[in-house]
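Trainee: This is the structure, below, for whatever I ask next.
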Amino acid sequence: MTTYIIRRLLWLIPVLLTVSAVTFIVMRSAPGGPWDTDAERRQVDAATAKSLAAYYGLDKPMWRQFYAYVIGDTNSQTKEWVCGVICGNLGPSYRQRGRTVQDILFAPPEGKTFWQSRFGYSIRLGVMALSMAIFIGIPLGIIAALKQNTIVDYSALFIATSGISVPSFVLAIFLIIIFASRLHWIDIVVDDWTQIKYWFMPMAVLGFGTLAFTARLTRSSMLEVMRQDYVRTARAKGLAERVVIFIHMLKNALIPVITILGPALAGLVTGSFIIETMFSFPGMGRAYVQAIGQRDYSMIMGTTLIYAMLVAVANLSVDIVYVFIDPRIRLEE
Amino acid sequence: MTAQPSTHGGIAKLSDVYRPSKSLGQEAWSRLVRNKASMFGLVVIVFFIFLAAFASVISPMDPLELHGGKKFLPPPFDQGATNIKAEPEFLLGTDSLGRDTLSRTIYGARVSIVVGFLPTTIILLLGTTVGMLAGYIGGRTDNLLMRLTDVIYAFPDLLFFIIIMVSLRDTFIGQFMNGLVLLFAALAIVNWVGVARLVRGQVLSIKQKEYIEAARCIGVKDNRIMTRHILPNCLSPLIVSAAFQIPGLIITEAILGYLGVGLRPSTDSADFFVTSWGSLMLDGQTAINSQPYLLLAPAICVALVVLAFTFLGDGLRDALDPRMRGTQ
């Protein structure tokens with residue numbers, strides 16, 4: 001078990017290296033530097049651009065830049081060793097002068113807690129959406145399976161199918177137009193995210209797809225378990241229906257559901273950037289979209305790396321949890 | 001088809017119980033036709049393909065014509081909260097430059113339909129080839145190809161598309177056809193991995209079957225075994241995965257367009273691809289109160305097409321493999 005976890009953790013290294021290398025190469029192969037693409041602002045003159053490039057180490061060869069990004073390098077001006085990504089340093093932002101990428105993403109505003117940082121906001125929204133998906137989706141799936149082929153089942157299936165098919169940003173558009181633009185129940189532009197009522201809509205939009213998927217999976221998995229011999233045995237020996245459902249069926253039916261929760265959380269966190277943008281939510285996703293608009297290369301790279309890491313860790317944790325909850329699964333190799 | 005025994009002296013004639021044999025395709029088709037949701041999906045898809053193909057004939061106005069002083073007109077049936085007077089000839093109102101929303105939405109179908117089908121073809125070809133080789137040859141080739149897919153799999157795909165689109169927009173390939181070619185390439189590079197894994201899994205189980213062994217015994221060459229004996233048996237899951245691949249690509253294109261990194265809206269009337277639903281939504285976001293239909297029309301179209309493909313995919317899965325019915 002320990003060797004398996006270690007092996008999987010080690011596998012993260014080449015994956016993240018490849019992700020960063022690909023991102024790095026694609027970013028750097030873009031024509032023009034990061035300074036001359038912003039047409040609206042004052043153009044940077046050649047001398048300044050040159051010194052800026054030197055300051056950020058952009059005048060060095062590509063492999064050296066990549067090495068500096070991942071491992072670290074001595075700064076050409078201050079002659080100090082600056083550690084790279086392996087120390088958690090994602091580099092200085094190209095647009096917000098004097099701030100590093102990790103500072104923008106993880107550091108909360110003055111006098112606030114970590115949860116007020118951009119990353120904290122995104123995590124909170126993701127966890128809320130996931131909780132909604134679990135606490136509504138799983139019961140919905142169970143009820144649908146227990147009442148198979150009744151109106152309850154069909155309504156649950158309808159919700160699930162529409163939730164899977166309708167993309168979240170389309171749902172967001174509908175909800176914003178109905179509740180904000182027409183009914184004026186909430187504001188379109190929210191500036192105070194400490195009020196919980198504003199969280200409801202982004203959470204619902206973000207979590208609905210996962211909710212639907214969870215419900216469908218729970219239902220089909222329950223239907224399969226219900227026909228198993230051990231369920232019949234449990235009933236035959238006169239156990240209360242409640243015990244049969246909760247102890248015998250649920251315990252087994254939820255195994256496949258748990259496997260999707262890891263990727264689902266990763267999907268919620270990464271998929272959130274379009275939802276965050278639509279609701280002007282102050283999270284990491286919106287920072288990412290803003291960075292795209294401003295061509296803040298180091299910011300885009302840093303965020304991509306964090307996202308890739310989140311996805312990889314989520315998948316890994318599911319694989320590990322899976323072994324604990326399902327003794328039939330043995331680790332291969 | 002049920003055989004109705006005719007009553008010629010109580011003995012059914014052979015011709016009455018005889019049932020003409022059907023190929024897998026015919027069987028599947030007859031099952032698919034009975035599935036109402038799938039048929040609805042198919043009708044919607046055909047409708048949008050029709051819209052895309054004949055956009056220039058169907059759309060009431062030129063999607064590029066600027067109507068000066070008629071910006072963000074609301075549609076005639078919903079005046080909304082604005083005091084701008086709606087005009088009856090603009091059925092869904094106008095956009096930020098006074099262009100007809102309905103015509104632009106109809107033209108937008110072109111991009112979505114093409115983005116749905118063309119990269120899917122590339123994805124299927126590439127994925128099937130790699131998966132087939134990995135599964136059939138096995139050994140070191142398999143290991144290498146699968147490690148490659150592992151790495152690509154770990155890449156958050158939407159982020160990859162965004163990075164590709166942002167950084168290569170100004171290059172030659174990014175300029176070509178308003179960025180459509182680059183979009184195709186980006187979508188195809190990431191998505192073939194899933195298909196490759198699927199095919200590999202199929203090949204691994206099929207190549208153990210007796211008929212493959214038999215084919216090998218009579219001296220059939222490897223490439224013929226792959227194309228004639230293994231490939232046809234992988235087709236069902238491939239078709240189903242394609243049906244689910246397409247809506248995913250359409251959603252991705254819409255998201256990229258909405259973020260402003262998708263297809264560049266054209267201003268040249270000679271272009272075939274004028275605008276996409278994603279770019280329309282980006283435009284519509286600026287006037288959500290006064291002209292919500294600029295946002296709603298493409299959003300509803302995306303939702304409809306995606307729903308249609310999901311229904312069709314569900315139906316195809318049931319039709320091609322009846323054992324899978326109701327399991328997902």
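Every chain in the structure tokens has a letter given in the order shown (A, B, ...), and although residue numbers restart at 1 in each chain, ligands are simply numbered from 1 in the order shown.
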Residues within 8 Å of B:Leu263, please, as a list in words. Count only C-alpha atoms; anything in the same chain fewer than 3 positions from it doesn't count.

Mentor: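 Listed by chain and then number, they are Asn178, Gly179, Leu180, Leu183, Gly257, Thr275, Ser276 and Ser279 of chain B.
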
Trainee: With C-alpha atoms retained, export the selected residues as a PDB file, in the first residue's frame.

Mentor:
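What follows is the written file part34.pdb:
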```
ATOM      1  CA  ASN B 178     -10.235  33.029 -38.374  1.00  0.00           C
ATOM      2  CA  GLY B 179      -8.623  30.565 -36.012  1.00  0.00           C
ATOM      3  CA  LEU B 180     -10.900  27.645 -36.830  1.00  0.00           C
ATOM      4  CA  LEU B 183      -9.266  25.290 -32.736  1.00  0.00           C
ATOM      5  CA  GLY B 257     -15.846  31.798 -27.749  1.00  0.00           C
ATOM      6  CA  THR B 275     -19.576  34.039 -36.083  1.00  0.00           C
ATOM      7  CA  SER B 276     -20.046  31.367 -33.450  1.00  0.00           C
ATOM      8  CA  SER B 279     -18.775  34.859 -29.568  1.00  0.00           C
TER       9      SER B 279
END
```

Trainee: Taking the DSSP secondary structure from the backbone, can you list the residues of stretch 16-254 of chain A that are strand (DSSP E), as an NGL selection string?

Mentor: :A and (72-74 or 81-83)

Trainee: When the cut-off is 8 Å and we count only C-alpha atoms, which residues of chain A are near chain B, given as a PyMOL selection string?

Mentor: chain A and resi 15+18-19+23+26-31+162+165-167+169-170+173-174+177+181-182+216-217+220-221+270+274+289+292+295+300+304+307-308+311-312

Trainee: Would you export the selected residues with N, CA and C atoms as a short mmCIF file (atom, residue, chain, number, x, y, z; two decimals), in the first residue's frame, please?

Mentor:
```cif
data_model
loop_
_atom_site.label_atom_id
_atom_site.label_comp_id
_atom_site.auth_asym_id
_atom_site.auth_seq_id
_atom_site.Cartn_x
_atom_site.Cartn_y
_atom_site.Cartn_z
N VAL A 15 4.38 13.94 -14.74
CA VAL A 15 3.15 14.51 -15.29
C VAL A 15 3.17 16.04 -15.17
N THR A 18 5.73 17.60 -17.45
CA THR A 18 5.28 17.67 -18.84
C THR A 18 4.26 18.79 -19.01
N VAL A 19 3.32 18.87 -18.06
CA VAL A 19 2.31 19.92 -18.15
C VAL A 19 2.99 21.29 -18.20
N THR A 23 3.06 23.83 -21.42
CA THR A 23 2.54 25.18 -21.25
C THR A 23 3.61 26.21 -21.54
N VAL A 26 4.48 26.39 -25.35
CA VAL A 26 3.41 27.02 -26.12
C VAL A 26 3.36 28.52 -25.85
N MET A 27 3.47 28.87 -24.56
CA MET A 27 3.42 30.28 -24.18
C MET A 27 4.55 31.08 -24.81
N ARG A 28 5.76 30.49 -24.73
CA ARG A 28 6.93 31.23 -25.22
C ARG A 28 6.98 31.27 -26.75
N SER A 29 6.31 30.33 -27.40
CA SER A 29 6.36 30.34 -28.86
C SER A 29 5.38 31.35 -29.44
N ALA A 30 4.59 31.97 -28.57
CA ALA A 30 3.67 32.98 -29.06
C ALA A 30 4.46 34.16 -29.62
N PRO A 31 4.03 34.69 -30.76
CA PRO A 31 4.75 35.83 -31.32
C PRO A 31 4.60 37.05 -30.44
N SER A 162 -31.31 16.26 -17.85
CA SER A 162 -31.15 17.66 -18.25
C SER A 162 -29.92 18.26 -17.60
N SER A 165 -26.95 17.21 -19.61
CA SER A 165 -26.86 17.72 -20.98
C SER A 165 -26.70 19.23 -21.04
N VAL A 166 -27.38 19.96 -20.18
CA VAL A 166 -27.31 21.42 -20.30
C VAL A 166 -25.99 21.89 -19.70
N PRO A 167 -25.15 22.53 -20.51
CA PRO A 167 -23.87 22.99 -20.00
C PRO A 167 -24.07 24.03 -18.90
N PHE A 169 -22.67 26.80 -18.11
CA PHE A 169 -22.71 28.24 -18.38
C PHE A 169 -24.02 28.64 -19.05
N VAL A 170 -24.65 27.70 -19.76
CA VAL A 170 -25.97 27.99 -20.33
C VAL A 170 -26.99 28.13 -19.20
N ILE A 173 -26.58 31.42 -17.61
CA ILE A 173 -27.20 32.49 -18.39
C ILE A 173 -28.70 32.56 -18.10
N PHE A 174 -29.35 31.38 -18.11
CA PHE A 174 -30.79 31.35 -17.83
C PHE A 174 -31.08 31.93 -16.45
N ILE A 177 -30.49 35.73 -16.17
CA ILE A 177 -31.51 36.53 -16.84
C ILE A 177 -32.83 36.48 -16.06
N SER A 181 -31.83 39.69 -13.83
CA SER A 181 -32.20 40.72 -14.79
C SER A 181 -33.70 41.00 -14.77
N ARG A 182 -34.51 39.95 -14.60
CA ARG A 182 -35.96 40.15 -14.68
C ARG A 182 -36.62 40.30 -13.31
N ARG A 216 -27.69 9.96 -11.27
CA ARG A 216 -27.83 8.91 -12.27
C ARG A 216 -26.99 7.70 -11.91
N LEU A 217 -25.77 7.97 -11.45
CA LEU A 217 -24.88 6.87 -11.10
C LEU A 217 -25.41 6.11 -9.88
N SER A 220 -28.39 3.90 -10.97
CA SER A 220 -28.07 2.67 -11.71
C SER A 220 -27.33 1.69 -10.82
N SER A 221 -26.49 2.21 -9.94
CA SER A 221 -25.73 1.34 -9.07
C SER A 221 -26.65 0.67 -8.03
N THR A 270 -11.79 23.22 -11.43
CA THR A 270 -11.27 23.73 -12.70
C THR A 270 -12.39 24.31 -13.57
N ILE A 274 -15.34 29.62 -15.68
CA ILE A 274 -16.34 30.31 -16.49
C ILE A 274 -17.50 30.79 -15.63
N VAL A 289 -9.00 33.86 -15.94
CA VAL A 289 -9.60 34.45 -17.14
C VAL A 289 -9.07 35.87 -17.37
N ILE A 292 -5.73 35.67 -18.86
CA ILE A 292 -5.79 35.38 -20.30
C ILE A 292 -5.96 36.67 -21.07
N ARG A 295 -2.84 38.64 -21.03
CA ARG A 295 -1.66 37.89 -21.46
C ARG A 295 -0.58 37.87 -20.39
N ILE A 300 -0.85 32.71 -16.05
CA ILE A 300 -1.54 31.62 -16.73
C ILE A 300 -0.83 30.30 -16.42
N THR A 304 -2.40 27.19 -14.32
CA THR A 304 -2.54 25.90 -14.99
C THR A 304 -1.87 24.80 -14.18
N TYR A 307 -3.99 23.94 -11.19
CA TYR A 307 -5.15 23.16 -11.62
C TYR A 307 -4.75 21.72 -11.94
N ALA A 308 -3.66 21.56 -12.68
CA ALA A 308 -3.21 20.22 -13.04
C ALA A 308 -2.90 19.41 -11.78
N VAL A 311 -6.16 18.31 -10.08
CA VAL A 311 -6.78 17.19 -10.79
C VAL A 311 -6.04 15.90 -10.46
N ALA A 312 -4.71 15.95 -10.53
CA ALA A 312 -3.92 14.75 -10.29
C ALA A 312 -4.10 14.24 -8.85
#
```

Trainee: Rank B:Glu253, B:Asp100, B:Asp268, B:Glu89 by their smallest atom-to-atom distance to B:Phe72, using only C-alpha atoms, and report the top residue only.

Mentor: B:Asp100

Trainee: Neighbouring residues of B:Gly127 were defined as those with any atom within 12 Å, considering only C-alpha atoms; residues of the same chain fewer than 2 positions away were excluded. Please report them as a PyMOL selection string.

Mentor: chain B and resi 119-125+129-135+145-146+149+188-200+238+241-242

Trainee: I need the residues from that last selection saved to file as a short mmCIF file (atom, residue, chain, number, x, y, z; two decimals), in the first residue's frame (with C-alpha atoms), if you can.

Mentor:
```cif
data_model
loop_
_atom_site.label_atom_id
_atom_site.label_comp_id
_atom_site.auth_asym_id
_atom_site.auth_seq_id
_atom_site.Cartn_x
_atom_site.Cartn_y
_atom_site.Cartn_z
CA PRO B 119 -12.44 17.23 -35.01
CA THR B 120 -14.42 14.14 -34.00
CA THR B 121 -13.35 12.52 -37.26
CA ILE B 122 -9.70 13.34 -36.57
CA ILE B 123 -10.06 12.18 -32.97
CA LEU B 124 -11.59 8.86 -34.03
CA LEU B 125 -8.94 8.20 -36.69
CA THR B 129 -4.96 3.94 -34.76
CA VAL B 130 -3.02 4.47 -31.56
CA GLY B 131 -5.34 2.31 -29.47
CA MET B 132 -5.27 -0.48 -32.03
CA LEU B 133 -1.49 -0.48 -32.29
CA ALA B 134 -1.03 -0.31 -28.51
CA GLY B 135 -3.50 -3.09 -27.88
CA LEU B 145 1.79 4.85 -25.92
CA MET B 146 -0.18 4.40 -22.73
CA THR B 149 -1.89 9.05 -22.93
CA ALA B 188 -8.11 16.94 -31.58
CA ILE B 189 -4.73 16.83 -29.83
CA VAL B 190 -6.28 16.36 -26.40
CA ASN B 191 -9.39 14.34 -27.09
CA TRP B 192 -7.97 11.38 -29.02
CA VAL B 193 -6.60 10.01 -25.75
CA GLY B 194 -9.98 8.83 -24.48
CA VAL B 195 -10.71 7.06 -27.76
CA ALA B 196 -7.27 5.43 -27.76
CA ARG B 197 -7.86 4.01 -24.28
CA LEU B 198 -11.28 2.74 -25.23
CA VAL B 199 -10.05 1.01 -28.39
CA ARG B 200 -7.04 -0.47 -26.61
CA LEU B 238 -16.64 3.87 -30.95
CA SER B 241 -18.23 7.54 -27.79
CA ALA B 242 -18.37 9.73 -30.90
#
```

Trainee: Could you pull the residues within 12 Å of A:Ile6, counting only C-alpha atoms, minus those fewer than 5 positions along the same chain, as a ChimeraX atom specification?

Mentor: /A:1,11-13,316,320

Trainee: Put those residues in a file: N, CA and C atoms, as a compact mmCIF listing (two decimals), in the first residue's frame.

Mentor:
```
# COMPACT_ATOMS: atom_id res chain seq x y z
N MET A 1 0.83 -1.21 0.00
CA MET A 1 0.00 0.00 0.00
C MET A 1 0.87 1.26 0.00
N TRP A 11 4.85 9.44 -9.73
CA TRP A 11 4.33 9.57 -11.09
C TRP A 11 3.83 10.99 -11.35
N LEU A 12 3.45 11.69 -10.25
CA LEU A 12 3.00 13.07 -10.39
C LEU A 12 4.09 13.96 -10.97
N ILE A 13 5.35 13.64 -10.62
CA ILE A 13 6.46 14.51 -11.03
C ILE A 13 6.59 14.61 -12.55
N LEU A 316 -5.72 10.72 -7.58
CA LEU A 316 -4.91 9.85 -6.73
C LEU A 316 -5.65 9.50 -5.45
N ILE A 320 -6.81 5.76 -3.92
CA ILE A 320 -6.41 5.25 -2.61
C ILE A 320 -7.63 4.91 -1.76
```

Trainee: Where in stretch 135-284 of chain B does DSSP assign alpha helix (DSSP H), given as a ChimeraX atom specification?

Mentor: /B:135-137,139-154,157-168,172-175,180-206,210-217,222-224,231-258,277-284
